[in-house]
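Engineer: Next comes the structure file run39.txt, holding compact mmCIF, C-alpha atoms.
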```
# COMPACT_ATOMS: atom_id res chain seq x y z
CA MET H 1 19.49 13.73 14.50
CA GLU H 2 21.82 16.46 13.31
CA ASN H 3 24.91 15.56 15.34
CA VAL H 4 24.85 11.91 14.26
CA ARG H 5 26.46 11.03 10.93
CA SER H 6 24.39 8.67 8.81
CA LEU H 7 24.81 7.47 5.23
CA ILE H 8 21.68 7.70 3.12
CA ASP H 9 23.02 8.71 -0.31
CA ILE H 10 26.49 8.01 -1.72
CA LEU H 11 26.78 11.70 -2.67
CA GLU H 12 26.92 12.60 1.02
CA LEU H 13 30.47 11.25 0.98
CA SER H 14 33.21 13.47 -0.42
CA THR H 15 35.75 11.92 -2.79
CA GLU H 16 38.28 12.21 0.05
CA GLU H 17 36.01 10.20 2.34
CA ILE H 18 35.45 7.56 -0.35
CA ASP H 19 39.21 7.38 -0.91
CA ARG H 20 39.68 6.97 2.83
CA LEU H 21 37.06 4.18 3.01
CA VAL H 22 38.71 2.39 0.09
CA GLU H 23 42.08 2.78 1.81
CA VAL H 24 40.77 1.34 5.11
CA GLY H 25 38.94 -1.43 3.21
CA THR H 26 42.22 -2.33 1.51
CA LYS H 27 44.06 -2.41 4.86
CA ILE H 28 41.38 -4.72 6.28
CA ILE H 29 41.81 -7.09 3.33
CA GLU H 30 45.56 -7.13 3.96
CA ASP H 31 45.33 -7.70 7.71
CA PRO H 32 41.82 -8.60 8.95
CA ALA H 33 43.11 -9.66 12.38
CA ALA H 34 44.14 -6.08 13.15
CA TYR H 35 40.47 -5.09 12.94
CA ALA H 36 38.93 -8.05 14.76
CA HIS H 37 38.24 -6.12 17.98
CA LYS H 38 37.61 -2.61 16.69
CA CYS H 39 33.90 -2.83 17.55
CA ASP H 40 34.02 -4.92 20.72
CA GLY H 41 30.91 -4.20 22.77
CA ARG H 42 29.11 -2.42 19.92
CA ILE H 43 25.78 -3.54 18.47
CA LEU H 44 24.57 -3.28 14.88
CA ALA H 45 20.80 -3.45 14.33
CA THR H 46 19.76 -4.73 10.91
CA LEU H 47 16.24 -3.51 10.19
CA PHE H 48 15.19 -5.22 6.99
CA PHE H 49 11.61 -4.29 6.11
CA GLU H 50 12.01 -6.32 2.93
CA PRO H 51 14.11 -9.46 2.57
CA SER H 52 17.62 -9.14 1.20
CA THR H 53 19.64 -12.00 2.55
CA ARG H 54 22.85 -11.03 0.79
CA THR H 55 22.97 -7.44 2.00
CA ARG H 56 21.86 -8.33 5.53
CA LEU H 57 24.44 -11.08 5.88
CA SER H 58 27.11 -8.79 4.49
CA PHE H 59 26.36 -6.18 7.18
CA GLU H 60 26.19 -8.82 9.91
CA SER H 61 29.40 -10.44 8.75
CA ALA H 62 31.09 -7.02 8.71
CA MET H 63 30.04 -6.22 12.27
CA LEU H 64 30.93 -9.69 13.59
CA SER H 65 34.32 -9.43 11.88
CA LEU H 66 34.92 -6.21 13.81
CA GLY H 67 34.14 -7.94 17.11
CA GLY H 68 30.68 -6.41 17.46
CA GLN H 69 27.29 -8.06 17.82
CA VAL H 70 24.12 -7.92 15.76
CA LEU H 71 20.37 -7.95 16.26
CA GLY H 72 17.42 -7.20 14.04
CA PHE H 73 14.73 -8.58 11.78
CA SER H 74 14.76 -9.75 8.19
CA GLU H 75 11.28 -8.88 6.98
CA ALA H 76 8.52 -6.42 7.89
CA SER H 77 6.13 -9.16 9.01
CA SER H 78 8.41 -9.99 11.94
CA SER H 79 8.64 -6.33 13.03
CA SER H 80 6.25 -3.91 14.65
CA ALA H 81 5.75 -2.31 11.22
CA ALA H 82 3.25 -5.15 10.68
CA LYS H 83 1.21 -3.58 13.51
CA GLY H 84 1.31 -0.23 11.76
CA GLU H 85 4.20 1.42 13.60
CA SER H 86 5.87 4.27 11.74
CA VAL H 87 9.50 4.16 10.61
CA ALA H 88 10.25 7.06 12.96
CA ASP H 89 8.91 5.23 16.02
CA THR H 90 10.64 1.95 15.12
CA VAL H 91 13.95 3.74 14.81
CA ARG H 92 13.50 5.80 17.96
CA THR H 93 13.09 2.50 19.80
CA VAL H 94 15.82 0.49 18.08
CA SER H 95 18.37 3.27 18.43
CA CYS H 96 18.06 2.78 22.20
CA TYR H 97 19.16 -0.85 21.78
CA SER H 98 22.01 -0.43 19.31
CA ASP H 99 25.02 1.69 18.35
CA ILE H 100 24.42 1.73 14.60
CA ILE H 101 21.56 0.73 12.29
CA ALA H 102 21.52 -0.74 8.78
CA MET H 103 18.08 -0.34 7.25
CA ARG H 104 16.45 -1.79 4.15
CA HIS H 105 12.96 -0.63 3.23
CA PRO H 106 10.77 -1.07 0.15
CA LYS H 107 9.66 2.57 0.24
CA GLU H 108 11.96 5.25 -1.13
CA GLY H 109 13.15 7.74 1.47
CA ALA H 110 12.39 5.55 4.51
CA PRO H 111 16.05 5.47 5.68
CA LEU H 112 16.18 9.27 5.42
CA VAL H 113 13.15 9.47 7.71
CA ALA H 114 14.90 7.01 10.04
CA SER H 115 18.05 9.13 10.14
CA GLN H 116 15.98 12.17 11.13
CA HIS H 117 14.79 10.39 14.28
CA SER H 118 17.61 8.02 15.20
CA LEU H 119 19.97 8.54 18.12
CA VAL H 120 22.64 6.49 16.33
CA PRO H 121 23.99 6.44 12.75
CA VAL H 122 21.71 4.94 10.10
CA ILE H 123 23.10 3.26 7.00
CA ASN H 124 20.77 3.01 4.04
CA ALA H 125 20.93 -0.65 3.00
CA GLY H 126 18.62 0.00 0.04
CA ASP H 127 15.34 1.91 -0.22
CA GLY H 128 13.17 0.58 -3.03
CA GLY H 129 14.55 1.57 -6.40
CA HIS H 130 16.21 4.65 -4.98
CA ASN H 131 19.59 4.55 -3.16
CA HIS H 132 21.91 1.77 -2.11
CA PRO H 133 25.13 3.51 -1.10
CA THR H 134 26.95 0.49 0.34
CA GLN H 135 26.52 -1.36 -2.96
CA THR H 136 28.18 1.60 -4.64
CA LEU H 137 30.99 1.57 -2.07
CA THR H 138 31.37 -2.15 -2.77
CA ASP H 139 31.54 -1.44 -6.50
CA LEU H 140 34.13 1.28 -5.93
CA LEU H 141 36.38 -0.91 -3.76
CA THR H 142 36.07 -3.64 -6.41
CA ILE H 143 36.99 -1.26 -9.22
CA HIS H 144 39.94 0.09 -7.25
CA HIS H 145 41.19 -3.38 -6.43
CA GLU H 146 40.73 -4.73 -9.93
CA LYS H 147 42.11 -1.70 -11.74
CA GLY H 148 44.33 -0.01 -9.17
CA ARG H 149 42.77 3.37 -9.93
CA PHE H 150 39.53 5.29 -10.45
CA GLU H 151 40.78 7.67 -13.15
CA ASN H 152 40.66 7.18 -16.92
CA LEU H 153 38.29 4.21 -16.97
CA THR H 154 35.62 3.42 -19.55
CA VAL H 155 32.72 1.91 -17.67
CA GLY H 156 29.95 0.08 -19.51
CA PHE H 157 26.56 -0.44 -17.88
CA CYS H 158 24.34 -3.12 -19.35
CA GLY H 159 20.76 -4.21 -18.74
CA ASP H 160 18.19 -2.33 -16.71
CA LEU H 161 19.53 1.22 -16.59
CA LYS H 162 16.11 2.72 -15.86
CA PHE H 163 15.22 1.13 -12.53
CA GLY H 164 18.72 -0.05 -11.60
CA ARG H 165 19.55 2.12 -8.62
CA THR H 166 23.07 0.69 -8.33
CA VAL H 167 23.70 1.95 -11.85
CA HIS H 168 22.56 5.50 -11.06
CA SER H 169 24.66 5.63 -7.89
CA LEU H 170 27.80 4.24 -9.50
CA ILE H 171 27.47 6.63 -12.45
CA SER H 172 27.22 9.51 -9.94
CA ALA H 173 30.23 8.27 -8.01
CA MET H 174 32.40 7.64 -11.09
CA SER H 175 31.47 11.04 -12.53
CA ARG H 176 33.70 12.62 -9.93
CA TYR H 177 36.85 11.03 -11.36
CA LYS H 178 39.05 12.41 -14.12
CA GLY H 179 38.89 10.70 -17.48
CA THR H 180 35.76 8.64 -16.80
CA LYS H 181 33.83 7.58 -19.89
CA ILE H 182 30.41 5.94 -19.65
CA VAL H 183 28.85 3.51 -22.12
CA LEU H 184 25.14 2.75 -21.67
CA VAL H 185 23.79 -0.51 -23.12
CA SER H 186 20.08 -1.23 -22.70
CA PRO H 187 16.83 -1.88 -24.55
CA GLU H 188 14.91 1.29 -25.44
CA GLU H 189 12.43 0.78 -22.60
CA LEU H 190 15.11 0.51 -19.93
CA LYS H 191 17.35 3.42 -20.92
CA LEU H 192 19.02 5.58 -18.30
CA PRO H 193 16.51 8.25 -17.17
CA SER H 194 17.13 11.59 -18.84
CA TYR H 195 17.47 13.39 -15.50
CA VAL H 196 20.49 11.22 -14.61
CA LYS H 197 22.04 12.02 -17.98
CA LYS H 198 21.37 15.71 -17.53
CA GLU H 199 22.04 16.19 -13.84
CA VAL H 200 25.01 13.83 -13.56
CA LEU H 201 26.68 13.14 -16.91
CA LYS H 202 26.15 16.43 -18.73
CA LYS H 203 26.60 18.52 -15.60
CA ASN H 204 29.99 16.93 -14.92
CA GLY H 205 31.04 16.93 -18.57
CA ILE H 206 31.31 13.13 -18.69
CA PRO H 207 31.43 11.74 -22.24
CA TYR H 208 28.87 8.98 -22.75
CA THR H 209 27.42 6.85 -25.51
CA GLN H 210 24.14 4.96 -25.66
CA THR H 211 23.60 1.79 -27.63
CA THR H 212 21.51 -1.35 -27.77
CA ASN H 213 24.44 -3.45 -29.07
CA LEU H 214 26.71 -4.81 -26.33
CA GLU H 215 29.19 -6.58 -28.61
CA ALA H 216 29.85 -3.43 -30.63
CA VAL H 217 31.10 -1.50 -27.60
CA MET H 218 32.75 -4.42 -25.78
CA PRO H 219 36.34 -3.67 -27.01
CA ASP H 220 36.18 -0.17 -25.47
CA LEU H 221 35.35 -1.25 -21.94
CA ASP H 222 37.62 -1.43 -18.88
CA ILE H 223 34.67 -2.32 -16.64
CA LEU H 224 31.44 -4.04 -17.64
CA TYR H 225 28.71 -3.60 -15.03
CA MET H 226 25.92 -6.09 -15.70
CA THR H 227 22.50 -5.74 -14.07
CA ARG H 228 19.44 -7.88 -13.61
CA VAL H 229 16.04 -6.82 -14.92
CA GLN H 230 14.18 -6.82 -11.60
CA ARG H 231 10.66 -8.20 -11.47
CA GLU H 232 9.86 -6.19 -8.32
CA ARG H 233 10.45 -2.85 -10.10
CA PHE H 234 7.70 -3.48 -12.67
CA PHE H 235 4.02 -2.80 -12.11
CA ASN H 236 3.24 -4.82 -15.22
CA GLU H 237 4.24 -8.51 -15.49
CA GLU H 238 4.01 -8.44 -19.29
CA ASP H 239 6.67 -5.74 -19.56
CA TYR H 240 8.93 -7.69 -17.23
CA LEU H 241 8.63 -10.91 -19.26
CA ARG H 242 9.26 -9.08 -22.52
CA LEU H 243 12.45 -7.39 -21.29
CA LYS H 244 14.01 -9.81 -18.82
CA ASP H 245 16.18 -11.66 -21.34
CA SER H 246 17.35 -8.59 -23.27
CA TYR H 247 21.04 -9.11 -22.55
CA ILE H 248 22.69 -12.35 -21.57
CA LEU H 249 26.46 -12.28 -21.27
CA THR H 250 28.07 -15.40 -22.73
CA PRO H 251 31.73 -16.29 -23.47
CA ASP H 252 31.07 -15.54 -27.17
CA LYS H 253 30.16 -11.96 -26.43
CA LEU H 254 33.44 -11.50 -24.56
CA LEU H 255 35.59 -12.41 -27.59
CA GLY H 256 36.27 -8.79 -28.48
CA ALA H 257 36.77 -7.65 -24.89
CA LYS H 258 40.02 -6.37 -23.38
CA GLU H 259 42.26 -8.88 -21.62
CA ASP H 260 42.00 -6.90 -18.40
CA LEU H 261 38.27 -6.20 -18.51
CA SER H 262 36.54 -6.57 -15.14
CA ILE H 263 32.95 -7.84 -15.12
CA LEU H 264 30.91 -6.64 -12.16
CA HIS H 265 27.36 -7.46 -11.11
CA PRO H 266 25.56 -6.36 -7.92
CA LEU H 267 24.02 -9.87 -7.65
CA PRO H 268 21.86 -11.84 -7.36
CA ARG H 269 22.07 -12.87 -10.97
CA VAL H 270 19.28 -14.74 -12.67
CA ASN H 271 20.40 -15.58 -16.19
CA GLU H 272 21.97 -12.35 -17.46
CA ILE H 273 25.47 -13.78 -17.04
CA SER H 274 25.87 -17.33 -18.27
CA VAL H 275 27.53 -19.62 -15.69
CA ALA H 276 30.13 -20.39 -18.36
CA VAL H 277 31.50 -16.86 -17.81
CA ASP H 278 32.19 -17.59 -14.12
CA LYS H 279 35.43 -19.41 -15.00
CA ASP H 280 36.76 -16.42 -16.92
CA PRO H 281 39.32 -14.56 -14.75
CA ARG H 282 37.69 -11.31 -15.85
CA ALA H 283 34.53 -12.28 -13.93
CA ALA H 284 34.94 -10.19 -10.78
CA TYR H 285 31.41 -10.49 -9.37
CA PHE H 286 32.12 -13.07 -6.69
CA ARG H 287 35.25 -11.20 -5.60
CA GLN H 288 32.96 -8.15 -5.46
CA VAL H 289 30.85 -9.86 -2.77
CA ARG H 290 33.94 -10.24 -0.59
CA TYR H 291 34.85 -6.58 -1.07
CA GLY H 292 31.31 -5.74 0.10
CA ARG H 293 32.05 -7.14 3.52
CA TYR H 294 35.33 -5.22 3.87
CA ILE H 295 33.97 -1.86 2.74
CA ARG H 296 31.03 -2.23 5.16
CA MET H 297 33.55 -2.86 7.94
CA ALA H 298 35.34 0.36 6.96
CA LEU H 299 32.03 2.25 6.83
CA ILE H 300 30.80 1.02 10.23
CA MET H 301 34.11 2.12 11.75
CA MET H 302 33.92 5.53 10.07
CA LEU H 303 30.35 6.23 11.23
CA LEU H 304 31.16 5.10 14.77
CA GLY H 305 34.24 7.34 14.78
CA ILE H 306 36.63 4.42 15.25
CA GLU H 307 40.13 4.81 13.80
CA MET A 1 -13.24 48.19 -13.30
CA THR A 2 -11.94 49.62 -10.01
CA ILE A 3 -11.38 48.08 -6.62
CA ASP A 4 -11.12 50.31 -3.58
CA SER A 5 -7.58 50.75 -2.35
CA ILE A 6 -6.84 49.19 1.01
CA LYS A 7 -5.75 51.00 4.18
CA ASN A 8 -4.02 48.18 5.99
CA GLY A 9 -3.28 44.99 4.17
CA ILE A 10 -1.36 43.25 1.46
CA VAL A 11 -1.32 43.58 -2.30
CA ILE A 12 0.13 40.61 -4.14
CA ASP A 13 1.05 42.00 -7.54
CA HIS A 14 2.52 40.75 -10.81
CA ILE A 15 0.98 37.31 -10.51
CA ALA A 16 1.15 35.55 -13.86
CA ALA A 17 -2.30 35.77 -15.50
CA GLY A 18 -4.40 32.78 -14.48
CA LYS A 19 -2.35 31.89 -11.38
CA ALA A 20 -4.30 33.94 -8.81
CA MET A 21 -6.74 31.19 -7.85
CA GLU A 22 -3.91 28.68 -7.39
CA LEU A 23 -2.18 31.10 -5.04
CA TYR A 24 -5.47 31.89 -3.29
CA ASN A 25 -6.03 28.21 -2.59
CA ILE A 26 -2.46 27.34 -1.57
CA LEU A 27 -2.29 30.30 0.83
CA GLY A 28 -5.66 29.32 2.30
CA LEU A 29 -7.07 32.81 1.77
CA GLY A 30 -10.58 31.36 1.67
CA ARG A 31 -10.36 30.91 5.43
CA LEU A 32 -9.93 34.66 6.08
CA ASP A 33 -12.82 36.75 7.42
CA CYS A 34 -11.64 39.99 5.83
CA SER A 35 -12.23 41.18 2.26
CA VAL A 36 -10.06 39.54 -0.36
CA ALA A 37 -10.21 40.78 -3.94
CA ILE A 38 -8.94 38.79 -6.88
CA LEU A 39 -8.31 40.75 -10.05
CA LYS A 40 -7.76 38.67 -13.14
CA ASN A 41 -6.28 39.64 -16.48
CA VAL A 42 -5.35 43.17 -15.45
CA VAL A 43 -3.48 45.01 -18.20
CA SER A 44 0.21 45.22 -17.30
CA GLY A 45 3.05 47.07 -19.01
CA LYS A 46 5.54 44.46 -17.86
CA LEU A 47 3.59 41.24 -18.28
CA GLY A 48 0.89 42.09 -20.82
CA LYS A 49 -1.71 40.62 -18.48
CA LYS A 50 -1.41 39.88 -14.80
CA ASP A 51 -3.46 38.88 -11.77
CA ILE A 52 -3.56 40.76 -8.46
CA ILE A 53 -4.77 39.74 -5.02
CA LYS A 54 -5.70 42.37 -2.44
CA ILE A 55 -6.10 41.29 1.18
CA ASP A 56 -7.73 43.74 3.55
CA THR A 57 -5.67 42.84 6.60
CA ASN A 58 -2.03 42.37 7.55
CA LEU A 59 -1.12 38.77 8.13
CA ASP A 60 1.94 36.55 8.06
CA LEU A 61 2.21 35.06 4.62
CA ASP A 62 4.30 32.06 3.65
CA TRP A 63 6.76 33.82 1.36
CA ASP A 64 8.19 30.49 0.21
CA VAL A 65 4.82 29.37 -1.08
CA ILE A 66 4.34 32.57 -3.04
CA GLY A 67 7.88 32.33 -4.43
CA TYR A 68 7.21 28.74 -5.48
CA VAL A 69 4.01 29.63 -7.34
CA ASP A 70 5.71 32.47 -9.17
CA PRO A 71 9.04 34.08 -8.19
CA ASN A 72 8.22 37.17 -10.26
CA ILE A 73 5.43 38.17 -7.89
CA THR A 74 5.87 41.31 -5.78
CA VAL A 75 4.20 41.72 -2.41
CA ASN A 76 3.32 45.20 -1.14
CA ILE A 77 2.58 45.74 2.54
CA ILE A 78 0.17 48.62 3.08
CA GLN A 79 -0.18 50.54 6.35
CA ASP A 80 -2.37 53.63 6.80
CA GLY A 81 -2.94 53.71 3.06
CA LYS A 82 0.78 53.83 2.26
CA ARG A 83 3.13 51.17 0.96
CA VAL A 84 5.65 50.50 3.74
CA GLU A 85 7.37 47.50 2.20
CA LYS A 86 7.81 46.06 -1.27
CA ARG A 87 9.11 42.52 -1.27
CA GLN A 88 10.57 40.86 -4.34
CA LEU A 89 10.29 37.11 -4.14
CA LYS A 90 12.57 34.32 -5.26
CA LEU A 91 12.30 30.58 -5.67
CA PRO A 92 12.65 29.02 -2.22
CA GLU A 93 15.29 26.35 -1.63
CA ARG A 94 12.69 24.18 0.11
CA ILE A 95 8.93 24.04 0.30
CA THR A 96 7.02 22.15 2.95
CA ASN A 97 3.44 20.89 2.72
CA VAL A 98 2.66 22.86 -0.43
CA ILE A 99 2.57 20.03 -2.95
CA ARG A 100 2.39 16.26 -2.53
CA CYS A 101 4.70 13.58 -3.91
CA LYS A 102 2.89 11.41 -6.43
CA ASN A 103 5.41 8.56 -6.44
CA PRO A 104 3.58 5.46 -5.13
CA ARG A 105 6.96 4.04 -4.04
CA CYS A 106 7.73 7.06 -1.82
CA ILE A 107 7.61 6.64 1.97
CA THR A 108 5.18 9.59 2.10
CA SER A 109 2.63 7.46 0.22
CA VAL A 110 2.26 5.17 3.25
CA GLU A 111 3.22 7.45 6.15
CA GLN A 112 0.72 10.23 5.64
CA GLU A 113 1.78 12.36 8.61
CA LEU A 114 5.29 12.97 7.23
CA PRO A 115 5.85 16.55 6.07
CA GLN A 116 5.83 16.82 2.28
CA VAL A 117 9.19 18.45 1.63
CA PHE A 118 10.51 19.37 -1.81
CA LYS A 119 13.92 20.84 -2.56
CA LEU A 120 14.98 23.03 -5.48
CA THR A 121 17.42 21.11 -7.71
CA ASP A 122 17.43 23.26 -10.86
CA ARG A 123 16.78 26.98 -10.34
CA GLU A 124 16.86 27.79 -14.04
CA LYS A 125 14.19 25.26 -14.94
CA ARG A 126 12.38 25.54 -11.58
CA VAL A 127 12.72 21.84 -10.84
CA TYR A 128 11.72 20.66 -7.38
CA ARG A 129 12.30 17.12 -6.17
CA CYS A 130 10.83 15.23 -3.25
CA LEU A 131 13.29 15.23 -0.33
CA TYR A 132 12.65 11.53 0.31
CA CYS A 133 12.49 9.84 -3.11
CA GLU A 134 13.79 12.64 -5.42
CA THR A 135 10.81 12.36 -7.75
CA GLN A 136 10.30 15.57 -9.68
CA ALA A 137 7.33 17.67 -8.56
CA GLY A 138 4.38 17.37 -10.90
CA LYS A 139 5.59 14.05 -12.37
```
Here is a file; write its structure as structure tokens.
Structural biologist:
Amino acid sequence: MENVRSLIDILELSTEEIDRLVEVGTKIIEDPAAYAHKCDGRILATLFFEPSTRTRLSFESAMLSLGGQVLGFSEASSSSAAKGESVADTVRTVSCYSDIIAMRHPKEGAPLVASQHSLVPVINAGDGGHNHPTQTLTDLLTIHHEKGRFENLTVGFCGDLKFGRTVHSLISAMSRYKGTKIVLVSPEELKLPSYVKKEVLKKNGIPYTQTTNLEAVMPDLDILYMTRVQRERFFNEEDYLRLKDSYILTPDKLLGAKEDLSILHPLPRVNEISVAVDKDPRAAYFRQVRYGRYIRMALIMMLLGIE
Amino acid sequence: MTIDSIKNGIVIDHIAAGKAMELYNILGLGRLDCSVAILKNVVSGKLGKKDIIKIDTNLDLDWDVIGYVDPNITVNIIQDGKRVEKRQLKLPERITNVIRCKNPRCITSVEQELPQVFKLTDREKRVYRCLYCETQAGK
């Protein structure tokens, strides 16, 4: 619906809107009680056509923390999609029961279809390997909290840069800030797609380097964004097994890193960050989870037009 | 070789050589009852060789489809044997139900009744991407 504001792609938000969300997220962190009744009487529907416990709980926690209520399903088999109902029809129905929808779907573009038919705002909670804007907002709030700024940061991305949608979105978002430098670390087979390099990095004049050697670039980084090689993005099990252990972050590899490096990871992790790194104060990935709840609170308020 | 000139109809000119059949099929000209002439490899001062389609009736054409196939095409509308309009085409910002997304992960791969919409993302290189999954057309 045209008069309802949804969030499908992070690029739909202007830098001013992102700054505003980060500002509200920060205020919530400082004084959560002031926001505990902002969504009294409102209902969030979480439509998860594929399981993602972390993201679903984060949305539900955000709405409950605002005083609202939640309903929904956590996998397609427990929804009418199992009977063959279209995304459009599901959303037409659910938008009569709720004030805002968070939707996860294995097919790319499904949340966009939902937003075209919904009576209430739709938040894309991940569509296949495509977009995941609230993860990017989480990453941005984390970066801002850890670094105190968005400008003049060298951000390293390591692991699966080909299928990693959070990587593509964060690169797009960071490309808007002055002084951003990008370092891409991946095996040959999982390099950042050339269209992202061309349409995002080159178009915005962002300096970037590509390498297969993480330790060599470690001293340059302000942020290290680790990613998991995801089994579900491969059609071929052999390729997955060959590439899954390409980069494993251990304390040894951090020896040359800056004192104030921040290590981010969208989670869940499998083995790409050794548990020994968790004790390092530079490991920001569990703090990142907390920021995810606060930025989703800020986003729900923004889309519902609540100050 | 000569083809009779038409009294009332449409002449689609300056089609890149070899593209006439593609355009014929996309526009669904095979469904028309009137005469339709396809001229292939006509000598052209501008293009070297070109294709031309002559349609012996006036009908509403999907300009966006023609522009997508080849933005250099010109369309001449003929009435009473005279050209009353010459339309220069351009690449459309969006095309609907002209091409299909081939990405098996796209929502259109499972919900067949969704319109197949592609948007222009790079005019210079004529790159179109699926509205839903952003996969490049033809990939």
Engineer: Give me, as a list in words, the residues of chain A touching chain H, with the criterion being at most 8 Å (counting all atoms listed in the file).
Structural biologist: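 Interface list for chain A against chain H: Arg105, Cys106, Ile107, Glu111, Leu131, Tyr132 and Cys133 of chain A.
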Engineer: Skip H:Phe286 itself and residues of its chain fewer than 5 positions away, then list as a list in words all residues within 12 Å of it, counting all atoms listed in the file.
Structural biologist: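 Contacts, in chain order: Thr138, Asp139, Thr142, Ser262, Ile263, Leu264, His265, Pro266, Leu267, Pro268, Arg269, Val277, Asp278, Lys279, Asp280, Pro281, Tyr291, Gly292 and Arg293 of chain H.
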Engineer: Please, could you write that set of residues out with C-alpha atoms as a PDB file, keeping the file's coordinate frame?
Structural biologist:
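Ended up saving to again_8.pdb:
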```pdb
ATOM      1  CA  THR H 138      31.370  -2.150  -2.770  1.00  0.00           C
ATOM      2  CA  ASP H 139      31.540  -1.440  -6.500  1.00  0.00           C
ATOM      3  CA  THR H 142      36.070  -3.640  -6.410  1.00  0.00           C
ATOM      4  CA  SER H 262      36.540  -6.570 -15.140  1.00  0.00           C
ATOM      5  CA  ILE H 263      32.950  -7.840 -15.120  1.00  0.00           C
ATOM      6  CA  LEU H 264      30.910  -6.640 -12.160  1.00  0.00           C
ATOM      7  CA  HIS H 265      27.360  -7.460 -11.110  1.00  0.00           C
ATOM      8  CA  PRO H 266      25.560  -6.360  -7.920  1.00  0.00           C
ATOM      9  CA  LEU H 267      24.020  -9.870  -7.650  1.00  0.00           C
ATOM     10  CA  PRO H 268      21.860 -11.840  -7.360  1.00  0.00           C
ATOM     11  CA  ARG H 269      22.070 -12.870 -10.970  1.00  0.00           C
ATOM     12  CA  VAL H 277      31.500 -16.860 -17.810  1.00  0.00           C
ATOM     13  CA  ASP H 278      32.190 -17.590 -14.120  1.00  0.00           C
ATOM     14  CA  LYS H 279      35.430 -19.410 -15.000  1.00  0.00           C
ATOM     15  CA  ASP H 280      36.760 -16.420 -16.920  1.00  0.00           C
ATOM     16  CA  PRO H 281      39.320 -14.560 -14.750  1.00  0.00           C
ATOM     17  CA  TYR H 291      34.850  -6.580  -1.070  1.00  0.00           C
ATOM     18  CA  GLY H 292      31.310  -5.740   0.100  1.00  0.00           C
ATOM     19  CA  ARG H 293      32.050  -7.140   3.520  1.00  0.00           C
TER      20      ARG H 293
END
```
Engineer: Is it possible to get the residues within 12 Å of (7.3, 15.2, -11.4) (coordinates as in the file, counting all atoms listed in the file) written as an NGL selection string?
Structural biologist: (:H and (195)) or (:A and (99-103 or 118 or 126-130 or 133-139))
Engineer: Which residues are close to H:Phe49, i.e. within 6 Å by all atoms listed in the file, leaving aside same-chain residues fewer than 6 positions away? Reply as number ranges by chain.
Structural biologist: H: 75-76, 104-105
Engineer: Can you write just those residues out, C-alpha atoms, as a PDB file, in the coordinates of the input?
Structural biologist:
```pdb
ATOM      1  CA  GLU H  75      11.280  -8.880   6.980  1.00  0.00           C
ATOM      2  CA  ALA H  76       8.520  -6.420   7.890  1.00  0.00           C
ATOM      3  CA  ARG H 104      16.450  -1.790   4.150  1.00  0.00           C
ATOM      4  CA  HIS H 105      12.960  -0.630   3.230  1.00  0.00           C
TER       5      HIS H 105
END
```
Engineer: Distance atom CA of H:Arg287-atom CA of H:Lys38, one decimal place?
Structural biologist: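 Taking atom CA of H:Arg287 and atom CA of H:Lys38, their separation equals 24.0 Å.
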Engineer: If you count all atoms listed in the file, which residues fall within 12 Å of A:Asp33, apart from same-chain ones fewer than 6 positions away, as a count of residues only?
Structural biologist: 4
Engineer: Could you check the closest approach to H:Val217 for each of H:Thr154, H:Thr15, H:Ser58, H:Ser175 and tell me which residue wins, using all atoms listed in the file?
Structural biologist: H:Thr154
Engineer: Hey, what's within 7 Å of stretch 79-90 of chain A if we count all atoms listed in the file and toss same-chain stuff fewer than 5 positions away? As a list in words, please?
Structural biologist: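 The residues satisfying every condition are Ile6, Lys7, Asn8, Gly9, Gly67, Pro71, Asn72, Ile73 and Thr74 of chain A.
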Engineer: For a quick check of your reading of the model, name the residues lying within 12 Å of the coordinate (34.2, 11.0, -12.6), counting all atoms listed in the file, and write them as number ranges by chain.
Structural biologist: H: 15, 140, 149-155, 169-182, 200-208
Engineer: Between atom CA of H:His144 and atom CA of H:Ala283, measure the distance and give it in Å to one decimal.
Structural biologist: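 Calculated distance between atom CA of H:His144 and atom CA of H:Ala283 is 15.1 Å.
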Engineer: For the atom pair atom CA of H:Glu17 and atom CA of H:Gly148, what is the interatomic distance in Å to one decimal place?
Structural biologist: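 Taking atom CA of H:Glu17 as the start and atom CA of H:Gly148 as the end point, the length is 17.5 Å.
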Engineer: So for stretch 53-72 of chain H, what box centre and size do we get, axis-aligned, 5 Å extra on each of the six sides, every listed atom, Å to one decimal, as lines of an AutoDock Vina configuration file?
Structural biologist:
```
center_x = 26.2
center_y = -9.1
center_z = 9.3
size_x = 27.5
size_y = 15.8
size_z = 27.0
```
Engineer: Which neighbours of H:Ile8 fall inside 9 Å, counting only C-alpha atoms, when residues of the same chain fewer than 3 positions from it are skipped, and could you give them as number ranges by chain?
Structural biologist: H: 11-12, 109, 111-112, 115, 122-126, 131-133
